[in-house]
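Chemist: Just dropping this structure here.
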Amino acid sequence: MRPFQFSRAPSLSEASHQTAGDNTLAIAGGTNLLDLMKLQVETPSQLVDINRLGFADIEDTDDGGLRLGALATNTETAVHARVRADYPVLSRAILAGATQQLRNKATNGGNLCQRTRCFYFTNIDQPCNKRDPGSGCGAIDGIAKLHAILGTSDQCIATYPGDMAVALSALGATVQISGGKGERSVPVRDFHLLPGDTPWIENVLEPGEIITGIVLPAPVGGTQIYRKVRERSSYAFALVSVAAIIELTDGKFSRADLAFGGLAHKPWHDPRVGECLLGQPPSAELFEKAADILLKDAHGFGENDFKIPLTRRTLHAVLAQATEDAA
Amino acid sequence: MTVHFKQDEPDNSNRLDRMKQGVLGKPLPRIEGLAKVTGTAPYAAEYPVENCAEGVLVTATITRGEVASIDRTSVLSMPGVIAVVDDEKMCTRAAQGTANEAPMQGPRQVCYWGQPIALVVAETFEQARDAAKHLKVEYREEQGAPLDPNAVEPEEQEDETVHQGDLAHAMAEAAHSVDVSYTTKGHASAAMEPHAAIAQWDGGKLTVHASLQMLNYNITELADALDMEEENIRLVSRFVGGGFGSKLGISEEVVAAALAAKQVGRPVRVVQSRQQVFQTVMRRSETTQRLRLAADANGKLTGFGHEALVSNLPGEDFAEPVLQSSHFMYGGENRELMLKVARIHRMTAGSVRAPGEAVGMPALEGAMDVLAEKVGIDPVELRLRNIPERDPEEGLPFSSHKLADCLKQGAEAFGWDNGPRQPRQRREGEWWIGTGMASAARVHNISETRARVTLKADGTALVETDMTDIGTGTYTILAQITGEMLGLGPKKVLVELGDTRHPRGPGSGGSWGAASIGSAVYIACKAIREELAAKVGTSEEKLDLREGKTAGGDALTDLLGGNDLAREGHYEPGDIEDDYTASGFGAFFAEVRVNHYTGETRVERMLGAFGFGRVLNAKTARSQCLGGITWSIGVALTEALEFDPRDGHLVNCDLAEYHVPVHRDVPDLDVVLVEERDGAASPIQAKGIGELGMCGGAAAIANAIYNACGARLYDYPMTPDRVLAAMPE
């Protein structure tokens, strides 16, 4: 770990001012950042502790939605009565991630900002365009079992590792951001970016911008499923995950909000997948059609080719389960 | 006074069964358990040492070549940095188990990516780690180091080769035959406590606190590495946070700490990072195995073939002993066994929990399941029909053989259905459910060993040996053996381990610890009993001791008359090692569910029945079995080291990405301890336990996967991608 300055921001504006500085990072739970600092994957010269800025509450919004404070912990969020009752896909997604100890410490804002677990990103003696622009991608011809099959570039095939954001994407949540230019809201679906030629830019946050909250729209009900396929039954990142909010009316899909984890550099949301289901009665053929749309442009890198059939089958299973439960 | 006993004959006297204290075998909790769970048991890096500097290893970023230069000035001006050590005596690999000599030295020659090449010493750990990452190193790299074990011409391990009869002919003539190939991926020991050492010099005397399994060998290895006399070295390893083979020999940090402490003139602590432990200590080799089984119409084996390819670095003697139990497990007069080693430039391959059987038995027992299906008989019955009368290669008698009892008692306890078996018979929602079984075997090892027992004038006892307790229960079982022999409650027995000032024990490894050191303690206690018997005018055989008194009511304290009574027991296995084939045996039964859509496999319940001789403590024995079964879940489903195909570095080098089973992967486990006394195994009729519990269990899971969903897999671990690829539509 390199020496770094540590300050505790007394106010949001001060935090914003401080984190606008060069090589400065905000720290909340630190469950990902501190590990990366020990490995010198992250080498900030200054950390700004934002833990005492407030915005740790979970509160109702005027339109019947729910606002999750960025500094509320993952555990507090997952067990919150309204989250469990109205947004069960979110509660399940959070509980599918990490471990109890990590969730107790990790915050909602930090969760959105977690970095990829690509083996080449976390090893500073290996090439990685994300960590060291221009050094190359170690994963493309290396060990890439966990890597992306959608939205990749020749610069980076890393995945976004989180679960919570996948559920937020299905729910159509919004990220509230505060910074030098004032406040702004960004849909979760637009918050994370694909790698393109700038894989080191992972989300829309500008220097000095801090996530203050996540707003969930008014609950939509439906059958809510978070299915995470992984190599062991806890404390493993998703090979593929599916967040689904499904509703049937008169035996036909009237809602199908779907988002996918483990497939791309961001939680994957392709509106065409849900749209193809709407108005149709559930059937194996229809599920296959949805998978065809989802995976039309998917391609693997050898080791992760299996994710294509796995995603197809997992989507099928989720839709079958959801329509069974809904019927 | 030392009492030497060389065992040439089986000892079936079962003396311990006739002792009166009644403490041996009881499920006592670990003596040191409270200290461990309350954080007061000091592990290697935790000893308070004044003025201790911190060292961090620098590791190579090339696969093969030479360190051309190290630019010390690149770090010496950094805050807190004291020195850069690249002494020629530094070790570049860990010593293999029982090596008894220094491992490979000379840090300038690089043989694998991640190899230690230097040590940076600083005032704080953080400073040392930062400087280690900044140290400028120039290499002369040699391209083209072989990395793929299947792409090089392997060396045959000739002492493993067996050609007996004509297997090809037997296969051709067989009513039923199986010819299948299996692969297993590499494994990491994955002990919780990282490898660590604190070295202190006092003139020419060196003390090292380290995390080690076998101090009696380790002191020799360290003395050799440093070119010192053993009497000038003291090694201390009182508590070890898991070894699993990775601490059998000294590893790089022990020698580096000693050299650095000498160079900087103050104590130095070196703790390997988690990533370094994964990348520099030991891997279990991946394996490719071919199994050939020829059987008559009744399933009786007429031919048995097991060939394996493993890998290691050039210059390493160790070859994963895949065939170890295959030599005697089942009959079949026509036999072909062969082990080959590919020399490649991945990190050192060495002992990782149950070397050999941990990966050999899952392949053999998978093939046996295929054979049972072909013959059309119950897989338990197939095994029962093939238990050999004598060792099928050596012709030796077995010291004791409980496989049949384990199969029968295990099947009964599990509720095994011995009716016709068809895959894909049971489905609940998305999940296919099935059962499978496998045999277990792990060779019995025993080692020469010494221990001192002192019956103190105050009526308590002290046991001293450099033996270690790596979490297995050694402290507790030695207190129980001593208490049983001397008629003392276990709280009256103080056990001191893990210090080379004490008599040399066998070390913990190869599951030989308990039987070996237990025998030395037994011999010492027996000698003390002889003295006591003489004092009360009876024979040792007739002396009954209980709660500090003889049967006649004489208190031990009175008999001792204010004096301590000490004896050193020296046990040496003699002809028993050559005259018998000795092994622990067992049987695993598993019920699994396999998700039709995702290929995820979850173990629902698992049972192991094991015969390993006398049970010294029913609780710690059971715990070891549970741990072994847990590891077999890892072998079956989750554990796999992944190496970069271009530079051979280990990529998944932490506990988040190297998947050992987590609690949710470990369901309802049960253990049946099968009653056994093996007098040819040791004078206390005990054999090894620790590793047996994982030797074959993975096949029970694999066979259950097939029974559940019809996917017959030949590659471990059986991760969702592989299960899906084999899943019938």
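Ligands are numbered from 1 in the order shown, chains are lettered A, B, ... in the order of the structure tokens, and residues start at 1 in each chain.
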Give me the residues near stretch 45-49 of chain A as number ranges by chain, where near means some atom within 12 Å (using only C-alpha atoms) and where sequence neighbours in that chain fewer than 2 positions away do not count.
Modeler: A: 1-12, 14-30, 33-34, 37, 40, 42-43, 51-54, 71, 208, 210
Chemist: Could you turn the residues from that selection into a file that holds C-alpha atoms, as a PDB file, in the first residue's frame?
Modeler:
ATOM      1  CA  MET A   1       0.000   0.000   0.000  1.00  0.00           C
ATOM      2  CA  ARG A   2       1.388   3.386  -0.901  1.00  0.00           C
ATOM      3  CA  PRO A   3       1.273   6.260   1.535  1.00  0.00           C
ATOM      4  CA  PHE A   4      -1.813   8.387   1.018  1.00  0.00           C
ATOM      5  CA  GLN A   5      -3.544  11.333   2.597  1.00  0.00           C
ATOM      6  CA  PHE A   6      -6.756  10.686   4.412  1.00  0.00           C
ATOM      7  CA  SER A   7      -9.384  13.300   5.095  1.00  0.00           C
ATOM      8  CA  ARG A   8     -12.890  13.219   6.413  1.00  0.00           C
ATOM      9  CA  ALA A   9     -15.203  15.403   4.438  1.00  0.00           C
ATOM     10  CA  PRO A  10     -17.347  17.621   6.721  1.00  0.00           C
ATOM     11  CA  SER A  11     -19.938  18.305   4.047  1.00  0.00           C
ATOM     12  CA  LEU A  12     -21.070  17.074   0.692  1.00  0.00           C
ATOM     13  CA  GLU A  14     -16.433  19.772   0.610  1.00  0.00           C
ATOM     14  CA  ALA A  15     -16.334  16.094  -0.318  1.00  0.00           C
ATOM     15  CA  SER A  16     -17.108  17.023  -3.865  1.00  0.00           C
ATOM     16  CA  HIS A  17     -14.412  19.650  -3.852  1.00  0.00           C
ATOM     17  CA  GLN A  18     -11.827  17.283  -2.416  1.00  0.00           C
ATOM     18  CA  THR A  19     -12.597  14.320  -4.653  1.00  0.00           C
ATOM     19  CA  ALA A  20     -12.317  16.556  -7.697  1.00  0.00           C
ATOM     20  CA  GLY A  21      -8.596  16.611  -7.004  1.00  0.00           C
ATOM     21  CA  ASP A  22      -6.102  14.567  -8.950  1.00  0.00           C
ATOM     22  CA  ASN A  23      -5.729  10.962  -7.932  1.00  0.00           C
ATOM     23  CA  THR A  24      -8.308  11.313  -5.198  1.00  0.00           C
ATOM     24  CA  LEU A  25     -10.940   8.746  -4.379  1.00  0.00           C
ATOM     25  CA  ALA A  26     -13.916   8.706  -2.068  1.00  0.00           C
ATOM     26  CA  ILE A  27     -14.092   5.850   0.410  1.00  0.00           C
ATOM     27  CA  ALA A  28     -17.229   4.511   2.042  1.00  0.00           C
ATOM     28  CA  GLY A  29     -17.269   0.813   3.042  1.00  0.00           C
ATOM     29  CA  GLY A  30     -13.925   0.232   1.377  1.00  0.00           C
ATOM     30  CA  LEU A  33     -11.115  -0.267  -2.673  1.00  0.00           C
ATOM     31  CA  LEU A  34      -8.878  -1.298   0.225  1.00  0.00           C
ATOM     32  CA  MET A  37      -4.996  -0.528  -2.731  1.00  0.00           C
ATOM     33  CA  GLN A  40      -1.589  -1.370  -5.778  1.00  0.00           C
ATOM     34  CA  GLU A  42      -5.579   1.482  -7.000  1.00  0.00           C
ATOM     35  CA  THR A  43      -2.959   3.992  -5.856  1.00  0.00           C
ATOM     36  CA  ASN A  51     -19.076   7.985   5.676  1.00  0.00           C
ATOM     37  CA  ARG A  52     -20.288  10.824   7.859  1.00  0.00           C
ATOM     38  CA  LEU A  53     -22.089  12.806   5.197  1.00  0.00           C
ATOM     39  CA  GLY A  54     -25.511  11.452   6.051  1.00  0.00           C
ATOM     40  CA  LEU A  71     -24.326   5.215   2.401  1.00  0.00           C
ATOM     41  CA  GLY A 208     -15.868  15.424  -7.808  1.00  0.00           C
ATOM     42  CA  ILE A 210     -20.506  11.529  -5.502  1.00  0.00           C
TER      43      ILE A 210
END
Chemist: Mind the document's chain letters and residue numbers, and return as number ranges by chain the residues of stretch 70-310 of chain A that DSSP labels alpha helix (DSSP H).
Modeler: A: 74-79, 81-86, 88-95, 100-105, 108-112, 164-171, 188-191, 271-275, 284-295, 307-310
Chemist: Pull the strand (DSSP E or B) assignments for stretch 29-259 of chain A out of DSSP run on the backbone, and list those residues as number ranges by chain.
Modeler: A: 46-49, 58-60, 66-69, 73, 107, 128, 137, 174-179, 182-187, 192, 203, 210-216, 223-229, 240-249, 252-259
Chemist: Using only C-alpha atoms and a cut-off of 9 Å, which residues of chain B sit close to chain A? Please list them as a PyMOL selection string.
Modeler: chain B and resi 61+126-127+129-131+133+430+596-602+637-638+642-646+651-653+656-657+659-665+719-722+724-725
Chemist: Write out the residues from the selection above, keeping N, CA and C atoms, as a compact mmCIF listing (two decimals), in the first residue's frame.
Modeler:
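Saved as result-v6.txt:
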# COMPACT_ATOMS: atom_id res chain seq x y z
N THR B 61 8.77 -11.65 -12.51
CA THR B 61 7.70 -11.40 -13.48
C THR B 61 8.07 -11.97 -14.85
N GLU B 126 3.82 -2.10 5.52
CA GLU B 126 3.32 -1.35 4.37
C GLU B 126 4.47 -0.75 3.57
N GLN B 127 5.49 -0.26 4.29
CA GLN B 127 6.65 0.30 3.59
C GLN B 127 7.37 -0.79 2.79
N ARG B 129 6.14 -3.55 1.65
CA ARG B 129 5.35 -4.03 0.52
C ARG B 129 5.40 -3.04 -0.64
N ASP B 130 5.32 -1.77 -0.31
CA ASP B 130 5.39 -0.75 -1.36
C ASP B 130 6.75 -0.81 -2.06
N ALA B 131 7.80 -0.90 -1.25
CA ALA B 131 9.14 -0.94 -1.84
C ALA B 131 9.33 -2.21 -2.68
N LYS B 133 7.19 -3.67 -4.40
CA LYS B 133 6.55 -3.49 -5.70
C LYS B 133 7.31 -2.49 -6.58
N GLU B 430 -36.73 -28.09 -11.22
CA GLU B 430 -35.60 -28.00 -12.15
C GLU B 430 -34.51 -29.02 -11.84
N HIS B 596 -31.18 -28.91 -14.06
CA HIS B 596 -31.32 -29.25 -15.48
C HIS B 596 -30.92 -28.09 -16.38
N TYR B 597 -31.23 -26.89 -15.96
CA TYR B 597 -30.99 -25.73 -16.82
C TYR B 597 -29.58 -25.19 -16.70
N THR B 598 -29.08 -25.13 -15.47
CA THR B 598 -27.82 -24.41 -15.25
C THR B 598 -26.63 -25.32 -15.03
N GLY B 599 -26.87 -26.60 -14.83
CA GLY B 599 -25.76 -27.52 -14.59
C GLY B 599 -25.14 -27.37 -13.21
N GLU B 600 -25.72 -26.56 -12.36
CA GLU B 600 -25.19 -26.44 -11.00
C GLU B 600 -25.47 -27.73 -10.22
N THR B 601 -24.46 -28.18 -9.49
CA THR B 601 -24.62 -29.38 -8.67
C THR B 601 -24.51 -29.00 -7.21
N ARG B 602 -25.45 -29.45 -6.42
CA ARG B 602 -25.38 -29.22 -4.98
C ARG B 602 -25.46 -30.56 -4.28
N LEU B 637 -16.37 -30.55 -7.27
CA LEU B 637 -17.23 -29.51 -7.84
C LEU B 637 -16.58 -28.14 -8.06
N THR B 638 -15.62 -27.77 -7.26
CA THR B 638 -15.24 -26.35 -7.29
C THR B 638 -13.77 -26.03 -7.46
N GLU B 642 -5.97 -22.27 -12.12
CA GLU B 642 -5.92 -21.89 -13.53
C GLU B 642 -4.60 -21.19 -13.82
N PHE B 643 -3.90 -21.67 -14.83
CA PHE B 643 -2.59 -21.11 -15.17
C PHE B 643 -2.66 -20.41 -16.53
N ASP B 644 -2.03 -19.26 -16.58
CA ASP B 644 -2.01 -18.54 -17.85
C ASP B 644 -1.25 -19.36 -18.89
N PRO B 645 -1.83 -19.50 -20.09
CA PRO B 645 -1.18 -20.36 -21.09
C PRO B 645 0.10 -19.76 -21.67
N ARG B 646 0.36 -18.47 -21.45
CA ARG B 646 1.52 -17.83 -22.09
C ARG B 646 2.73 -17.70 -21.18
N VAL B 651 -3.33 -17.76 -12.07
CA VAL B 651 -4.16 -16.54 -12.13
C VAL B 651 -5.14 -16.41 -10.96
N ASN B 652 -5.76 -17.50 -10.55
CA ASN B 652 -6.78 -17.36 -9.48
C ASN B 652 -6.11 -17.61 -8.13
N CYS B 653 -5.44 -16.56 -7.65
CA CYS B 653 -4.54 -16.74 -6.51
C CYS B 653 -5.07 -16.11 -5.23
N ALA B 656 -11.13 -15.77 -2.97
CA ALA B 656 -12.37 -15.40 -3.66
C ALA B 656 -12.46 -16.12 -4.99
N GLU B 657 -11.34 -16.34 -5.63
CA GLU B 657 -11.36 -16.89 -6.98
C GLU B 657 -10.91 -18.35 -7.04
N HIS B 659 -11.93 -21.60 -5.55
CA HIS B 659 -13.18 -21.91 -4.86
C HIS B 659 -13.08 -23.16 -4.00
N VAL B 660 -12.78 -22.97 -2.72
CA VAL B 660 -12.98 -24.08 -1.79
C VAL B 660 -14.46 -24.06 -1.41
N PRO B 661 -15.00 -25.19 -0.98
CA PRO B 661 -16.41 -25.19 -0.63
C PRO B 661 -16.70 -24.20 0.50
N VAL B 662 -17.83 -23.52 0.41
CA VAL B 662 -18.29 -22.65 1.49
C VAL B 662 -19.35 -23.41 2.28
N HIS B 663 -19.78 -22.82 3.37
CA HIS B 663 -20.73 -23.53 4.24
C HIS B 663 -21.94 -24.05 3.46
N ARG B 664 -22.44 -23.22 2.57
CA ARG B 664 -23.66 -23.64 1.86
C ARG B 664 -23.41 -24.80 0.90
N ASP B 665 -22.15 -25.06 0.58
CA ASP B 665 -21.84 -26.21 -0.26
C ASP B 665 -21.72 -27.49 0.55
N THR B 719 -17.84 -28.44 -12.85
CA THR B 719 -18.44 -27.11 -12.78
C THR B 719 -19.63 -27.04 -13.74
N PRO B 720 -20.49 -26.04 -13.58
CA PRO B 720 -21.71 -25.99 -14.39
C PRO B 720 -21.47 -26.08 -15.90
N ASP B 721 -20.40 -25.42 -16.38
CA ASP B 721 -20.14 -25.47 -17.82
C ASP B 721 -19.90 -26.91 -18.29
N ARG B 722 -19.20 -27.68 -17.50
CA ARG B 722 -18.89 -29.05 -17.88
C ARG B 722 -20.12 -29.96 -17.75
N LEU B 724 -23.21 -29.05 -18.03
CA LEU B 724 -24.13 -28.72 -19.13
C LEU B 724 -23.67 -29.35 -20.44
N ALA B 725 -22.35 -29.32 -20.65
CA ALA B 725 -21.84 -29.87 -21.91
C ALA B 725 -22.11 -31.36 -22.00
Chemist: To one decimal place in Å, what is the distance between atom CA of B:Thr454 and atom CA of B:Glu541?
Modeler: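 One can read the atom CA of B:Thr454 to atom CA of B:Glu541 distance as 20.0 Å.
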Chemist: Which is closer to A:Phe287 than all the others in A:Phe253, A:Leu193, A:Pro271, A:Cys128, using only C-alpha atoms?
Modeler: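 Ranking A:Phe253, A:Leu193, A:Pro271, A:Cys128 by distance to A:Phe287, first place goes to A:Phe253.
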Chemist: I'd like the neighbourhood of A:Gln114 as a PDB file with N, CA and C atoms, in the first residue's frame, where a residue qualifies if any of its atoms comes within 8 Å (using only C-alpha atoms), though same-chain residues fewer than 5 positions away should be ignored.
Modeler:
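Ended up saving to part-v1.pdb:
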ATOM      1  N   ASN A  32     -13.995  -3.074  -1.452  1.00  0.00           N
ATOM      2  CA  ASN A  32     -13.304  -3.362  -2.707  1.00  0.00           C
ATOM      3  C   ASN A  32     -12.059  -2.498  -2.839  1.00  0.00           C
ATOM      4  N   LEU A  33     -12.207  -1.227  -2.484  1.00  0.00           N
ATOM      5  CA  LEU A  33     -11.115  -0.267  -2.673  1.00  0.00           C
ATOM      6  C   LEU A  33      -9.860  -0.649  -1.868  1.00  0.00           C
ATOM      7  N   TYR A 160     -18.684  -6.508 -15.353  1.00  0.00           N
ATOM      8  CA  TYR A 160     -19.068  -5.850 -14.115  1.00  0.00           C
ATOM      9  C   TYR A 160     -19.482  -6.965 -13.160  1.00  0.00           C
ATOM     10  N   PRO A 161     -18.923  -6.996 -11.943  1.00  0.00           N
ATOM     11  CA  PRO A 161     -19.100  -8.190 -11.109  1.00  0.00           C
ATOM     12  C   PRO A 161     -20.329  -8.194 -10.206  1.00  0.00           C
ATOM     13  N   GLY A 162     -21.005  -7.061 -10.080  1.00  0.00           N
ATOM     14  CA  GLY A 162     -22.004  -6.929  -9.012  1.00  0.00           C
ATOM     15  C   GLY A 162     -23.327  -7.621  -9.305  1.00  0.00           C
TER      16      GLY A 162
END
Chemist: So how many Å separate atom CA of A:Ile214 and atom CA of A:Arg92, to one decimal?
Modeler: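 These two atoms are separated by 16.9 Å.
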Chemist: Extract, using only C-alpha atoms, all DNA, RNA and protein residues at most 8 Å from stretch 470-474 of chain B, discarding same-chain residues fewer than 4 positions from it, and format them as a list in words.
Modeler: Arg30, Gln213, Phe239, Val240, Gly241, Gly242, Gly243, Leu478, Ser508, Gly513, Ala514, Thr620, Gln624 and Gly690 of chain B
Chemist: With N, CA and C atoms kept, could you save the residues just selected as a PDB file, in the first residue's frame?
Modeler:
ATOM      1  N   ARG B  30     -11.041 -29.988  21.923  1.00  0.00           N
ATOM      2  CA  ARG B  30      -9.618 -29.687  21.824  1.00  0.00           C
ATOM      3  C   ARG B  30      -9.130 -28.887  23.023  1.00  0.00           C
ATOM      4  N   GLN B 213       4.835 -27.689   9.495  1.00  0.00           N
ATOM      5  CA  GLN B 213       4.202 -28.947   9.887  1.00  0.00           C
ATOM      6  C   GLN B 213       5.172 -29.960  10.485  1.00  0.00           C
ATOM      7  N   PHE B 239       1.358 -23.284  17.161  1.00  0.00           N
ATOM      8  CA  PHE B 239       0.016 -23.334  16.568  1.00  0.00           C
ATOM      9  C   PHE B 239       0.159 -23.096  15.069  1.00  0.00           C
ATOM     10  N   VAL B 240      -0.521 -23.890  14.319  1.00  0.00           N
ATOM     11  CA  VAL B 240      -0.422 -23.790  12.870  1.00  0.00           C
ATOM     12  C   VAL B 240      -1.844 -23.679  12.318  1.00  0.00           C
ATOM     13  N   GLY B 241      -2.080 -22.611  11.579  1.00  0.00           N
ATOM     14  CA  GLY B 241      -3.428 -22.356  11.074  1.00  0.00           C
ATOM     15  C   GLY B 241      -3.720 -23.098   9.798  1.00  0.00           C
ATOM     16  N   GLY B 242      -3.530 -24.378   9.859  1.00  0.00           N
ATOM     17  CA  GLY B 242      -3.744 -25.236   8.699  1.00  0.00           C
ATOM     18  C   GLY B 242      -2.465 -25.377   7.898  1.00  0.00           C
ATOM     19  N   GLY B 243      -2.236 -26.569   7.423  1.00  0.00           N
ATOM     20  CA  GLY B 243      -1.062 -26.823   6.602  1.00  0.00           C
ATOM     21  C   GLY B 243      -1.476 -27.456   5.283  1.00  0.00           C
ATOM     22  N   LEU B 478      -2.706 -36.615  22.616  1.00  0.00           N
ATOM     23  CA  LEU B 478      -1.534 -36.995  23.414  1.00  0.00           C
ATOM     24  C   LEU B 478      -1.859 -36.905  24.905  1.00  0.00           C
ATOM     25  N   SER B 508       3.631 -33.406  11.331  1.00  0.00           N
ATOM     26  CA  SER B 508       2.260 -33.670  10.874  1.00  0.00           C
ATOM     27  C   SER B 508       2.260 -33.695   9.362  1.00  0.00           C
ATOM     28  N   GLY B 513       0.875 -38.511  11.777  1.00  0.00           N
ATOM     29  CA  GLY B 513       1.203 -37.894  13.053  1.00  0.00           C
ATOM     30  C   GLY B 513       0.712 -38.652  14.261  1.00  0.00           C
ATOM     31  N   ALA B 514      -0.582 -38.930  14.291  1.00  0.00           N
ATOM     32  CA  ALA B 514      -1.173 -39.475  15.514  1.00  0.00           C
ATOM     33  C   ALA B 514      -0.615 -40.859  15.841  1.00  0.00           C
ATOM     34  N   THR B 620     -12.369 -35.377  17.529  1.00  0.00           N
ATOM     35  CA  THR B 620     -11.391 -34.861  16.566  1.00  0.00           C
ATOM     36  C   THR B 620     -11.284 -35.793  15.362  1.00  0.00           C
ATOM     37  N   GLN B 624     -11.991 -34.597  11.584  1.00  0.00           N
ATOM     38  CA  GLN B 624     -11.077 -34.789  10.459  1.00  0.00           C
ATOM     39  C   GLN B 624     -11.798 -35.417   9.287  1.00  0.00           C
ATOM     40  N   GLY B 690      -6.508 -38.221   8.758  1.00  0.00           N
ATOM     41  CA  GLY B 690      -6.760 -36.891   8.186  1.00  0.00           C
ATOM     42  C   GLY B 690      -7.106 -36.894   6.723  1.00  0.00           C
TER      43      GLY B 690
END
Chemist: Just the number, please: distance in Å from atom CA of A:Leu277 to atom CA of A:His265, one decimal.
Modeler: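 Distance reported for this atom pair: 25.2 Å.
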Chemist: Got a sec: who's within 8 Å of B:Phe318, counting only C-alpha atoms, leaving out chain neighbours fewer than 5 positions off, as a list in words?
Modeler: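 These residues fall inside the cut-off: Gln96, Asn312, Ala349 and Gly350 of chain B.
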Chemist: Take the residues just selected and output them with N, CA and C atoms as a short mmCIF file (atom, residue, chain, number, x, y, z; two decimals), in the first residue's frame.
Modeler:
data_model
loop_
_atom_site.label_atom_id
_atom_site.label_comp_id
_atom_site.auth_asym_id
_atom_site.auth_seq_id
_atom_site.Cartn_x
_atom_site.Cartn_y
_atom_site.Cartn_z
N GLN B 96 10.16 -29.95 -0.46
CA GLN B 96 9.16 -31.01 -0.49
C GLN B 96 9.07 -31.65 0.90
N ASN B 312 5.73 -31.30 -12.99
CA ASN B 312 6.48 -30.57 -11.98
C ASN B 312 7.58 -29.78 -12.66
N ALA B 349 5.23 -28.21 -7.93
CA ALA B 349 4.16 -29.14 -7.53
C ALA B 349 4.66 -29.93 -6.33
N GLY B 350 3.78 -30.11 -5.37
CA GLY B 350 4.16 -30.83 -4.16
C GLY B 350 2.94 -31.37 -3.46
#
Chemist: Excluding same-chain residues fewer than 6 positions from A:Gly65, what lies within 7 Å of it counting only C-alpha atoms, as a PyMOL selection string?
Modeler: chain A and resi 216-219
Chemist: Please write the residues from the selection above to a file, keeping all heavy atoms, as a PDB file, in the first residue's frame.
Modeler:
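The new file part35.pdb reads:
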ATOM      1  N   LEU A 216     -35.789   4.153  -6.380  1.00  0.00           N
ATOM      2  CA  LEU A 216     -36.571   3.091  -6.989  1.00  0.00           C
ATOM      3  C   LEU A 216     -37.932   3.650  -7.362  1.00  0.00           C
ATOM      4  O   LEU A 216     -38.543   4.367  -6.554  1.00  0.00           O
ATOM      5  CB  LEU A 216     -36.752   1.932  -6.008  1.00  0.00           C
ATOM      6  CG  LEU A 216     -35.465   1.323  -5.439  1.00  0.00           C
ATOM      7  CD1 LEU A 216     -35.801   0.275  -4.380  1.00  0.00           C
ATOM      8  CD2 LEU A 216     -34.637   0.707  -6.552  1.00  0.00           C
ATOM      9  N   PRO A 217     -38.420   3.363  -8.551  1.00  0.00           N
ATOM     10  CA  PRO A 217     -39.749   3.845  -8.911  1.00  0.00           C
ATOM     11  C   PRO A 217     -40.821   3.174  -8.064  1.00  0.00           C
ATOM     12  O   PRO A 217     -40.529   2.209  -7.356  1.00  0.00           O
ATOM     13  CB  PRO A 217     -39.880   3.463 -10.388  1.00  0.00           C
ATOM     14  CG  PRO A 217     -38.926   2.336 -10.586  1.00  0.00           C
ATOM     15  CD  PRO A 217     -37.807   2.535  -9.607  1.00  0.00           C
ATOM     16  N   ALA A 218     -42.033   3.672  -8.153  1.00  0.00           N
ATOM     17  CA  ALA A 218     -43.135   3.053  -7.398  1.00  0.00           C
ATOM     18  C   ALA A 218     -43.202   1.570  -7.745  1.00  0.00           C
ATOM     19  O   ALA A 218     -42.950   1.183  -8.895  1.00  0.00           O
ATOM     20  CB  ALA A 218     -44.451   3.745  -7.753  1.00  0.00           C
ATOM     21  N   PRO A 219     -43.507   0.754  -6.738  1.00  0.00           N
ATOM     22  CA  PRO A 219     -43.440  -0.692  -6.979  1.00  0.00           C
ATOM     23  C   PRO A 219     -44.407  -1.138  -8.063  1.00  0.00           C
ATOM     24  O   PRO A 219     -45.499  -0.597  -8.214  1.00  0.00           O
ATOM     25  CB  PRO A 219     -43.812  -1.303  -5.630  1.00  0.00           C
ATOM     26  CG  PRO A 219     -44.309  -0.198  -4.776  1.00  0.00           C
ATOM     27  CD  PRO A 219     -43.838   1.082  -5.348  1.00  0.00           C
TER      28      PRO A 219
END
Chemist: Can you tell me, as a list in words, what residues are no more than 8 Å from B:Ala640 when counting only C-alpha atoms, ignoring any on the same chain fewer than 6 positions away?
Modeler: Lys185, Gly186, His187, Tyr658, His659 and Pro717 of chain B
Chemist: Nearest residue to B:Arg266 out of B:Ala680, B:Leu135, B:Ala196, B:Cys52, using only C-alpha atoms?
Modeler: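 Using only C-alpha atoms, the shortest distance to B:Arg266 belongs to B:Cys52.
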